[in-house]
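Shown next: structure.pdb, given as PDB, C-alpha atoms, pLDDT in the B column.
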```
ATOM      1  CA  MET A1234       0.000   0.000   0.000  1.00 37.00           C
ATOM      2  CA  GLU A1235       1.366   3.420  -0.807  1.00 38.00           C
ATOM      3  CA  ASP A1236       0.586   6.746   0.814  1.00 38.00           C
ATOM      4  CA  ALA A1237      -1.653   9.186  -0.988  1.00 34.00           C
ATOM      5  CA  ARG A1238       0.743  12.013  -1.768  1.00 35.00           C
ATOM      6  CA  ASP A1239      -1.936  14.594  -2.600  1.00 37.00           C
ATOM      7  CA  GLY A1240      -2.839  17.147   0.088  1.00 34.00           C
ATOM      8  CA  GLY A1241      -5.225  15.808   2.682  1.00 33.00           C
ATOM      9  CA  GLY A1242      -5.157  12.331   1.189  1.00 33.00           C
ATOM     10  CA  PHE A1243      -4.779   9.312   3.381  1.00 31.00           C
ATOM     11  CA  PHE A1244      -5.315   5.578   3.339  1.00 31.00           C
ATOM     12  CA  VAL A1245      -7.125   3.659   6.022  1.00 31.00           C
ATOM     13  CA  GLN A1246      -5.681   0.154   5.761  1.00 35.00           C
ATOM     14  CA  THR A1247      -8.294  -1.848   7.608  1.00 31.00           C
ATOM     15  CA  LEU A1248      -6.870  -5.270   6.897  1.00 35.00           C
ATOM     16  CA  THR A1249      -3.164  -4.503   6.894  1.00 40.00           C
ATOM     17  CA  LYS A1250      -2.690  -5.778  10.462  1.00 42.00           C
ATOM     18  CA  ARG A1251      -4.275  -9.094   9.485  1.00 41.00           C
ATOM     19  CA  CYS A1252      -1.919  -9.376   6.527  1.00 44.00           C
ATOM     20  CA  GLN A1253       1.061  -8.629   8.762  1.00 46.00           C
ATOM     21  CA  MET A1254      -0.104 -11.237  11.275  1.00 47.00           C
ATOM     22  CA  PHE A1255      -0.467 -13.764   8.456  1.00 41.00           C
ATOM     23  CA  LEU A1256       3.093 -13.102   7.284  1.00 46.00           C
ATOM     24  CA  HIS A1257       4.456 -13.259  10.838  1.00 49.00           C
ATOM     25  CA  ASN A1258       2.806 -16.641  11.430  1.00 47.00           C
ATOM     26  CA  ALA A1259       4.069 -17.938   8.085  1.00 44.00           C
ATOM     27  CA  ARG A1260       7.653 -16.929   8.881  1.00 47.00           C
ATOM     28  CA  GLN A1261       7.403 -18.563  12.318  1.00 46.00           C
ATOM     29  CA  LEU A1262       6.121 -21.752  10.731  1.00 39.00           C
ATOM     30  CA  LYS A1263       8.932 -21.663   8.175  1.00 40.00           C
ATOM     31  CA  ALA A1264      11.532 -21.319  10.945  1.00 42.00           C
ATOM     32  CA  LYS A1265      10.114 -24.238  12.918  1.00 39.00           C
ATOM     33  CA  THR A1266       9.414 -26.710  10.144  1.00 34.00           C
ATOM     34  CA  GLU A1267      11.345 -28.515   7.462  1.00 35.00           C
ATOM     35  CA  GLY A1268      10.639 -30.236   4.161  1.00 33.00           C
ATOM     36  CA  VAL A1269       7.338 -29.586   2.430  1.00 32.00           C
ATOM     37  CA  SER A1270       5.962 -27.176   5.047  1.00 29.00           C
ATOM     38  CA  ALA A1271       9.056 -24.966   4.898  1.00 30.00           C
ATOM     39  CA  ALA A1272       9.006 -24.962   1.089  1.00 29.00           C
ATOM     40  CA  ILE A1273       5.359 -23.915   1.075  1.00 28.00           C
ATOM     41  CA  CYS A1274       5.987 -21.094   3.544  1.00 29.00           C
ATOM     42  CA  GLN A1275       8.962 -19.848   1.542  1.00 34.00           C
ATOM     43  CA  ASN A1276       6.803 -19.428  -1.558  1.00 33.00           C
ATOM     44  CA  LEU A1277       3.775 -17.757  -0.016  1.00 33.00           C
ATOM     45  CA  PHE A1278       2.941 -14.497  -1.782  1.00 36.00           C
ATOM     46  CA  PRO A1279       0.428 -12.469   0.228  1.00 39.00           C
ATOM     47  CA  LEU A1280      -2.679 -10.987  -1.315  1.00 43.00           C
ATOM     48  CA  CYS A1281      -3.602  -8.200   1.087  1.00 41.00           C
ATOM     49  CA  ALA A1282      -6.977  -6.524   0.921  1.00 45.00           C
ATOM     50  CA  ALA A1283      -7.422  -2.938   2.021  1.00 44.00           C
ATOM     51  CA  LEU A1284      -9.846  -0.058   2.122  1.00 46.00           C
ATOM     52  CA  ALA A1285      -8.629   3.240   0.701  1.00 45.00           C
ATOM     53  CA  ILE A1286     -10.155   6.651   1.379  1.00 46.00           C
ATOM     54  CA  SER A1287      -8.793   9.589  -0.584  1.00 46.00           C
ATOM     55  CA  PRO A1288      -9.738  12.900  -2.206  1.00 48.00           C
ATOM     56  CA  ALA A1289     -11.765  12.580  -5.400  1.00 45.00           C
ATOM     57  CA  TYR A1290      -8.972  14.094  -7.497  1.00 47.00           C
ATOM     58  CA  ALA A1291      -6.417  11.489  -6.360  1.00 54.00           C
ATOM     59  CA  PHE A1292      -7.723   8.849  -8.795  1.00 58.00           C
ATOM     60  CA  GLU A1293      -8.719  10.653 -11.961  1.00 74.00           C
ATOM     61  CA  ASN A1294      -9.071   8.712 -15.218  1.00 82.00           C
ATOM     62  CA  GLY A1295      -5.892   8.097 -17.160  1.00 90.00           C
ATOM     63  CA  TYR A1296      -2.297   7.257 -16.381  1.00 91.00           C
ATOM     64  CA  ARG A1297      -0.297   8.214 -13.280  1.00 89.00           C
ATOM     65  CA  LEU A1298       3.473   7.982 -12.946  1.00 90.00           C
ATOM     66  CA  GLU A1299       5.542   8.924  -9.886  1.00 91.00           C
ATOM     67  CA  VAL A1300       9.286   8.772  -9.226  1.00 91.00           C
ATOM     68  CA  GLU A1301      10.704   9.159  -5.713  1.00 90.00           C
ATOM     69  CA  THR A1302      14.329   9.337  -4.666  1.00 91.00           C
ATOM     70  CA  GLY A1303      16.400  10.229  -1.626  1.00 91.00           C
ATOM     71  CA  GLY A1304      18.682   8.766   1.005  1.00 90.00           C
ATOM     72  CA  VAL A1305      18.245   5.816   3.339  1.00 89.00           C
ATOM     73  CA  TRP A1306      20.163   5.067   6.551  1.00 90.00           C
ATOM     74  CA  GLN A1307      20.769   1.758   8.297  1.00 90.00           C
ATOM     75  CA  SER A1308      19.947   1.793  11.982  1.00 90.00           C
ATOM     76  CA  ARG A1309      20.459  -1.977  12.368  1.00 91.00           C
ATOM     77  CA  ASN A1310      21.090  -4.730   9.840  1.00 90.00           C
ATOM     78  CA  VAL A1311      22.181  -8.076  11.285  1.00 92.00           C
ATOM     79  CA  ALA A1312      22.623 -11.209   9.172  1.00 92.00           C
ATOM     80  CA  GLN A1313      23.106 -14.907   9.884  1.00 91.00           C
ATOM     81  CA  SER A1314      22.858 -17.724   7.344  1.00 91.00           C
ATOM     82  CA  PRO A1315      21.953 -20.394   7.909  1.00 92.00           C
ATOM     83  CA  ALA A1316      20.353 -19.595  11.250  1.00 87.00           C
ATOM     84  CA  GLN A1317      20.709 -23.214  12.340  1.00 89.00           C
ATOM     85  CA  VAL A1318      22.570 -26.326  11.257  1.00 88.00           C
ATOM     86  CA  THR A1319      21.242 -27.921   8.060  1.00 89.00           C
ATOM     87  CA  THR A1320      22.030 -31.217   6.368  1.00 85.00           C
ATOM     88  CA  THR A1321      24.562 -29.493   4.105  1.00 88.00           C
ATOM     89  CA  LEU A1322      25.726 -26.363   5.963  1.00 89.00           C
ATOM     90  CA  PRO A1323      26.945 -25.553   9.488  1.00 91.00           C
ATOM     91  CA  GLN A1324      25.236 -22.837  11.488  1.00 92.00           C
ATOM     92  CA  GLY A1325      26.290 -19.390  10.326  1.00 92.00           C
ATOM     93  CA  SER A1326      27.771 -16.636  12.483  1.00 92.00           C
ATOM     94  CA  ARG A1327      25.815 -13.513  13.312  1.00 93.00           C
ATOM     95  CA  PHE A1328      27.386 -10.304  12.007  1.00 94.00           C
ATOM     96  CA  SER A1329      26.406  -6.697  11.373  1.00 92.00           C
ATOM     97  CA  LEU A1330      26.130  -5.430   7.818  1.00 93.00           C
ATOM     98  CA  LYS A1331      25.855  -1.913   9.197  1.00 91.00           C
ATOM     99  CA  GLU A1332      29.354  -2.204  10.706  1.00 92.00           C
ATOM    100  CA  LEU A1333      30.739  -3.355   7.355  1.00 93.00           C
ATOM    101  CA  GLN A1334      28.879  -0.891   5.142  1.00 93.00           C
ATOM    102  CA  GLY A1335      28.309   2.086   7.409  1.00 90.00           C
ATOM    103  CA  ALA A1336      25.070   3.749   8.419  1.00 89.00           C
ATOM    104  CA  GLY A1337      24.635   5.753   5.209  1.00 85.00           C
ATOM    105  CA  PRO A1338      23.083   7.652   3.652  1.00 89.00           C
ATOM    106  CA  ASN A1339      22.587   5.392   0.657  1.00 91.00           C
ATOM    107  CA  PHE A1340      20.746   6.358  -2.506  1.00 90.00           C
ATOM    108  CA  PHE A1341      17.310   4.915  -3.190  1.00 90.00           C
ATOM    109  CA  ALA A1342      14.665   5.396  -5.872  1.00 91.00           C
ATOM    110  CA  ARG A1343      11.272   3.948  -6.505  1.00 92.00           C
ATOM    111  CA  LEU A1344       8.805   4.073  -9.372  1.00 93.00           C
ATOM    112  CA  SER A1345       5.037   3.785  -9.106  1.00 93.00           C
ATOM    113  CA  ALA A1346       2.468   3.794 -11.888  1.00 94.00           C
ATOM    114  CA  GLY A1347      -1.267   3.389 -12.219  1.00 93.00           C
ATOM    115  CA  TYR A1348      -4.112   3.504 -14.686  1.00 93.00           C
ATOM    116  CA  THR A1349      -7.717   4.422 -13.885  1.00 92.00           C
ATOM    117  CA  TRP A1350     -10.640   3.878 -16.264  1.00 91.00           C
ATOM    118  CA  ASN A1351     -14.432   4.315 -16.224  1.00 90.00           C
ATOM    119  CA  ASP A1352     -14.048   6.397 -13.033  1.00 86.00           C
ATOM    120  CA  ARG A1353     -14.208   3.155 -11.061  1.00 89.00           C
ATOM    121  CA  HIS A1354     -11.384   0.738 -11.866  1.00 93.00           C
ATOM    122  CA  GLN A1355      -7.656   1.129 -11.243  1.00 93.00           C
ATOM    123  CA  VAL A1356      -4.566  -1.030 -11.627  1.00 95.00           C
ATOM    124  CA  HIS A1357      -1.350   0.080  -9.937  1.00 94.00           C
ATOM    125  CA  ALA A1358       2.231  -1.137  -9.660  1.00 96.00           C
ATOM    126  CA  LEU A1359       5.344  -0.202  -7.710  1.00 95.00           C
ATOM    127  CA  TYR A1360       9.020  -1.045  -8.178  1.00 96.00           C
ATOM    128  CA  ALA A1361      11.300  -0.167  -5.260  1.00 94.00           C
ATOM    129  CA  PRO A1362      14.888  -1.406  -5.654  1.00 95.00           C
ATOM    130  CA  LEU A1363      17.458  -0.958  -2.913  1.00 93.00           C
ATOM    131  CA  THR A1364      21.146  -1.912  -2.998  1.00 94.00           C
ATOM    132  CA  ILE A1365      23.720  -1.051  -0.326  1.00 94.00           C
ATOM    133  CA  THR A1366      27.411  -1.844  -0.773  1.00 94.00           C
ATOM    134  CA  GLY A1367      30.434  -1.222   1.411  1.00 94.00           C
ATOM    135  CA  SER A1368      33.703  -2.592   2.738  1.00 94.00           C
ATOM    136  CA  GLY A1369      34.987  -3.159   6.251  1.00 95.00           C
ATOM    137  CA  THR A1370      36.458  -5.782   8.539  1.00 95.00           C
ATOM    138  CA  LEU A1371      34.845  -8.461  10.677  1.00 94.00           C
ATOM    139  CA  GLN A1372      35.559  -8.537  14.410  1.00 91.00           C
ATOM    140  CA  SER A1373      35.924 -12.317  14.460  1.00 93.00           C
ATOM    141  CA  GLN A1374      36.079 -15.259  12.097  1.00 95.00           C
ATOM    142  CA  THR A1375      32.652 -15.550  10.494  1.00 95.00           C
ATOM    143  CA  LEU A1376      30.818 -18.438   8.857  1.00 95.00           C
ATOM    144  CA  PHE A1377      28.345 -17.415   6.148  1.00 95.00           C
ATOM    145  CA  GLN A1378      26.666 -19.906   3.815  1.00 94.00           C
ATOM    146  CA  GLY A1379      29.302 -22.485   4.621  1.00 93.00           C
ATOM    147  CA  GLU A1380      32.248 -20.210   3.811  1.00 95.00           C
ATOM    148  CA  SER A1381      34.712 -18.931   6.426  1.00 95.00           C
ATOM    149  CA  PHE A1382      35.699 -15.259   6.379  1.00 96.00           C
ATOM    150  CA  ALA A1383      38.726 -14.052   8.334  1.00 95.00           C
ATOM    151  CA  ALA A1384      38.679 -11.335  10.980  1.00 94.00           C
ATOM    152  CA  ASN A1385      40.555  -8.037  10.604  1.00 94.00           C
ATOM    153  CA  THR A1386      40.841  -8.515   6.832  1.00 95.00           C
ATOM    154  CA  PRO A1387      39.040  -6.255   4.310  1.00 95.00           C
ATOM    155  CA  ILE A1388      35.766  -7.706   3.083  1.00 96.00           C
ATOM    156  CA  ASP A1389      33.186  -6.437   0.575  1.00 96.00           C
ATOM    157  CA  ALA A1390      29.510  -6.680   1.531  1.00 96.00           C
ATOM    158  CA  ARG A1391      26.462  -6.196  -0.677  1.00 96.00           C
ATOM    159  CA  TYR A1392      22.867  -6.005   0.516  1.00 95.00           C
ATOM    160  CA  ARG A1393      19.986  -5.931  -1.967  1.00 95.00           C
ATOM    161  CA  PHE A1394      16.290  -5.682  -1.173  1.00 94.00           C
ATOM    162  CA  ASP A1395      14.034  -5.122  -4.187  1.00 95.00           C
ATOM    163  CA  SER A1396      10.296  -4.801  -3.662  1.00 95.00           C
ATOM    164  CA  TYR A1397       7.549  -5.299  -6.233  1.00 96.00           C
ATOM    165  CA  ARG A1398       3.835  -4.580  -5.851  1.00 95.00           C
ATOM    166  CA  ILE A1399       0.898  -4.888  -8.201  1.00 96.00           C
ATOM    167  CA  GLY A1400      -2.747  -4.437  -7.381  1.00 96.00           C
ATOM    168  CA  TYR A1401      -6.276  -3.600  -8.367  1.00 95.00           C
ATOM    169  CA  ARG A1402      -8.744  -1.152  -6.824  1.00 91.00           C
ATOM    170  CA  TYR A1403     -12.468  -0.719  -7.324  1.00 92.00           C
ATOM    171  CA  LYS A1404     -14.363   2.424  -6.344  1.00 89.00           C
ATOM    172  CA  VAL A1405     -16.984   1.368  -3.839  1.00 88.00           C
ATOM    173  CA  LEU A1406     -18.441   4.779  -3.036  1.00 85.00           C
ATOM    174  CA  ASP A1407     -18.207   8.267  -4.502  1.00 82.00           C
ATOM    175  CA  ALA A1408     -19.349  10.853  -1.938  1.00 81.00           C
ATOM    176  CA  ASN A1409     -18.824  14.367  -3.287  1.00 74.00           C
ATOM    177  CA  ASP A1410     -15.218  15.285  -2.411  1.00 77.00           C
ATOM    178  CA  TRP A1411     -14.256  11.817  -1.121  1.00 81.00           C
ATOM    179  CA  GLN A1412     -14.091   8.352  -2.625  1.00 81.00           C
ATOM    180  CA  ILE A1413     -13.842   4.910  -1.041  1.00 86.00           C
ATOM    181  CA  TRP A1414     -11.889   2.246  -2.930  1.00 86.00           C
ATOM    182  CA  GLY A1415     -11.435  -1.446  -2.109  1.00 92.00           C
ATOM    183  CA  GLY A1416      -8.909  -3.790  -3.647  1.00 93.00           C
ATOM    184  CA  ILE A1417      -6.072  -6.261  -3.363  1.00 94.00           C
ATOM    185  CA  THR A1418      -2.293  -5.901  -3.608  1.00 93.00           C
ATOM    186  CA  LEU A1419       0.311  -8.574  -4.283  1.00 94.00           C
ATOM    187  CA  LYS A1420       3.760  -7.836  -2.820  1.00 94.00           C
ATOM    188  CA  ILE A1421       6.960  -9.749  -3.542  1.00 94.00           C
ATOM    189  CA  ARG A1422      10.468  -9.032  -2.290  1.00 93.00           C
ATOM    190  CA  ASP A1423      13.700 -10.218  -3.875  1.00 95.00           C
ATOM    191  CA  ALA A1424      16.595  -9.985  -1.412  1.00 94.00           C
ATOM    192  CA  ASN A1425      20.233 -11.018  -1.480  1.00 95.00           C
ATOM    193  CA  ILE A1426      23.255 -10.706   0.837  1.00 95.00           C
ATOM    194  CA  SER A1427      26.739 -11.400  -0.489  1.00 96.00           C
ATOM    195  CA  LEU A1428      30.230 -11.315   1.028  1.00 96.00           C
ATOM    196  CA  SER A1429      33.522 -11.312  -0.830  1.00 96.00           C
ATOM    197  CA  GLN A1430      37.002 -11.576   0.675  1.00 96.00           C
ATOM    198  CA  GLY A1431      39.666 -12.357  -1.904  1.00 94.00           C
ATOM    199  CA  ALA A1432      38.885 -15.745  -3.418  1.00 94.00           C
ATOM    200  CA  VAL A1433      36.272 -16.533  -0.739  1.00 96.00           C
ATOM    201  CA  LYS A1434      32.760 -15.596  -1.794  1.00 96.00           C
ATOM    202  CA  ALA A1435      29.262 -16.458  -0.594  1.00 96.00           C
ATOM    203  CA  ASN A1436      25.719 -15.170  -1.043  1.00 94.00           C
ATOM    204  CA  ARG A1437      22.265 -15.816   0.338  1.00 94.00           C
ATOM    205  CA  ALA A1438      19.238 -15.162  -1.859  1.00 93.00           C
ATOM    206  CA  ASN A1439      15.728 -14.898  -0.465  1.00 90.00           C
ATOM    207  CA  THR A1440      12.528 -14.308  -2.419  1.00 90.00           C
ATOM    208  CA  GLY A1441       9.061 -14.178  -0.920  1.00 86.00           C
ATOM    209  CA  PRO A1442       6.473 -11.960   0.784  1.00 80.00           C
TER     210      PRO A1442
END
```
Take the structure in the file and give it back as structure tokens.
Amino acid sequence: MEDARDGGGFFVQTLTKRCQMFLHNARQLKAKTEGVSAAICQNLFPLCAALAISPAYAFENGYRLEVETGGVWQSRNVAQSPAQVTTTLPQGSRFSLKELQGAGPNFFARLSAGYTWNDRHQVHALYAPLTITGSGTLQSQTLFQGESFAANTPIDARYRFDSYRIGYRYKVLDANDWQIWGGITLKIRDANISLSQGAVKANRANTGP
């Protein structure tokens, strides 16, 4: 769900908390289960319903395109992979990407687009890529994805978190200056963490809700 950027506009996301609870329970189940259950949880893509209230002029017929950019800071970014011993990999060490890459700021940009027709239907999409790179040293020997990285030796770290959203809205009510829209949004994230120290390299990809 994205904020209404027009003056006075706002979204009331009535079912967002339920969607968040669903995702939280799915991630807990994924962490506690193996095999088929874990595979199912890893590939869950949430369809979140919501109610949107906004000024009448916020969703006029035609195309809408918005580009946003700025800086983003890391307040905390801790990684560990795998989080527990698996059949093929030992348990990974916990380390801070913020300490390797710095707090920021780091550049970000996102693109959103939409199309409204017949004063009642709208499709919308959002692409929000984020990549943070940096170099530093680890405080102790670190295991990551089965590879061992030495302490006090320069290491390159890359963190990527790309977000994709696509959805549909339908105008439920048109009351003079205000409109009420209902719809669904599908959100997918494509994330990756990689470390590189000389000839030693490792990465952890993660795609899901």
(request) Using the chain letters and numbering of this document, enumerate as JSON, numbers by chain the residues selected by the PyMOL selection byres ((chain A and resi 1312) around 9). (result) {"A": [1310, 1311, 1313, 1314, 1316, 1326, 1327, 1328, 1329, 1330, 1377, 1426]}
(message) Taking all atoms listed in the file into account, name the residue in A:Thr1302, A:Gln1355, A:Thr1375, A:Thr1320 that is nearest to Ala1342 of chain A.
(response)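 Looking only at the distances to Ala1342 of chain A, the closest residue turns out to be A:Thr1302.
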(message) Report, in Å with one decimal, the straight-line distance from atom CA of Asn1385 of chain A to atom CA of Ser1373 of chain A.
(response)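 Taking atom CA of Asn1385 of chain A and atom CA of Ser1373 of chain A, their separation equals 7.4 Å.
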(request) Find, counting only C-alpha atoms, the residue in A:Ile1417, A:Ile1388, A:Ala1432, A:Ala1346 that gets nearest to Leu1359 of chain A. (result)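 Nearest candidate to Leu1359 of chain A out of A:Ile1417, A:Ile1388, A:Ala1432, A:Ala1346: A:Ala1346.
Going from atom CA of Val1405 of chain A over to atom CA of Tyr1348 of chain A, you cover 17.0 Å.
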(request) List the neighbours of Thr1366 of chain A out to 7 Å using all atoms listed in the file; skip same-chain residues closer than 3 positions along the sequence, and give me the result as an MDAnalysis selection string. (result) chainID A and resid 1334 1390:1392
(message) Just checking: using only C-alpha atoms, which residue out of A:Gln1378, A:Thr1386, A:Ser1396, A:Thr1319 ends up closest to Ala1438 of chain A?
(response)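 Using only C-alpha atoms, the shortest distance to Ala1438 of chain A belongs to A:Gln1378.
Closest to Ala1358 of chain A among A:Leu1322, A:Leu1344, A:Leu1371, A:Ile1399 is A:Ile1399, based on all atoms listed in the file.
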(message) From the options A:Leu1376, A:Val1318, A:Ala1408, A:Val1300, which residue's atoms come nearest to Ser1345 of chain A, counting all atoms listed in the file?
(response)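 Nearest to Ser1345 of chain A: A:Val1300.
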(request) Work out how far apart atom CA of Pro1387 of chain A and atom CA of Gly1369 of chain A are and give it in Å to one decimal. (result) 5.5 Å
(message) Set the distance at 9 Å and use only C-alpha atoms: which residues neighbour Arg1398 of chain A once local chain neighbours fewer than 3 positions away are removed? I'd like the list as a count of residues only.
(response) 11
(request) Please provide as a PyMOL selection string all residues within 6 Å of Gln1374 of chain A, with the sequence filter that same-chain residues fewer than 4 positions apart are discarded (counting all atoms listed in the file). (result) chain A and resi 1382-1384
Would you put the residues from that selection into a file with C-alpha atoms, as an mmCIF file, keeping the file's coordinate frame?
```cif
data_model
loop_
_atom_site.group_PDB
_atom_site.id
_atom_site.type_symbol
_atom_site.label_atom_id
_atom_site.label_comp_id
_atom_site.auth_asym_id
_atom_site.auth_seq_id
_atom_site.Cartn_x
_atom_site.Cartn_y
_atom_site.Cartn_z
ATOM 1 C CA PHE A 1382 35.699 -15.259 6.379
ATOM 2 C CA ALA A 1383 38.726 -14.052 8.334
ATOM 3 C CA ALA A 1384 38.679 -11.335 10.980
#
```
Around all of segment 1388-1392 of chain A's listed atoms, make the axis-aligned box with 8 Å on each side and tell me centre and edge lengths in Å to one decimal, as AutoDock Vina command-line options.
```
--center_x 29.3 --center_y -6.9 --center_z 1.2 --size_x 28.9 --size_y 17.7 --size_z 19.8
```
(message) With all atoms listed in the file as the counted atoms, please give the residues lying no more than 7 Å from Asn1425 of chain A, apart from itself and same-chain residues fewer than 3 positions off, as a PyMOL selection string.
(response) chain A and resi 1392-1394+1436-1439
(message) Need the shell around Asp1389 of chain A: protein/DNA/RNA residues with any atom at most 10 Å away, counting all atoms listed in the file. Skip same-chain ones fewer than 6 positions apart. Format as a PyMOL selection string?
(response) chain A and resi 1333-1334+1366-1370+1427-1431+1434
(message) For a quick check of understanding, using all atoms listed in the file, which of A:Gln1307, A:Gly1325, A:Thr1440, A:Ala1435 has the smallest distance to Tyr1397 of chain A?
(response) A:Thr1440
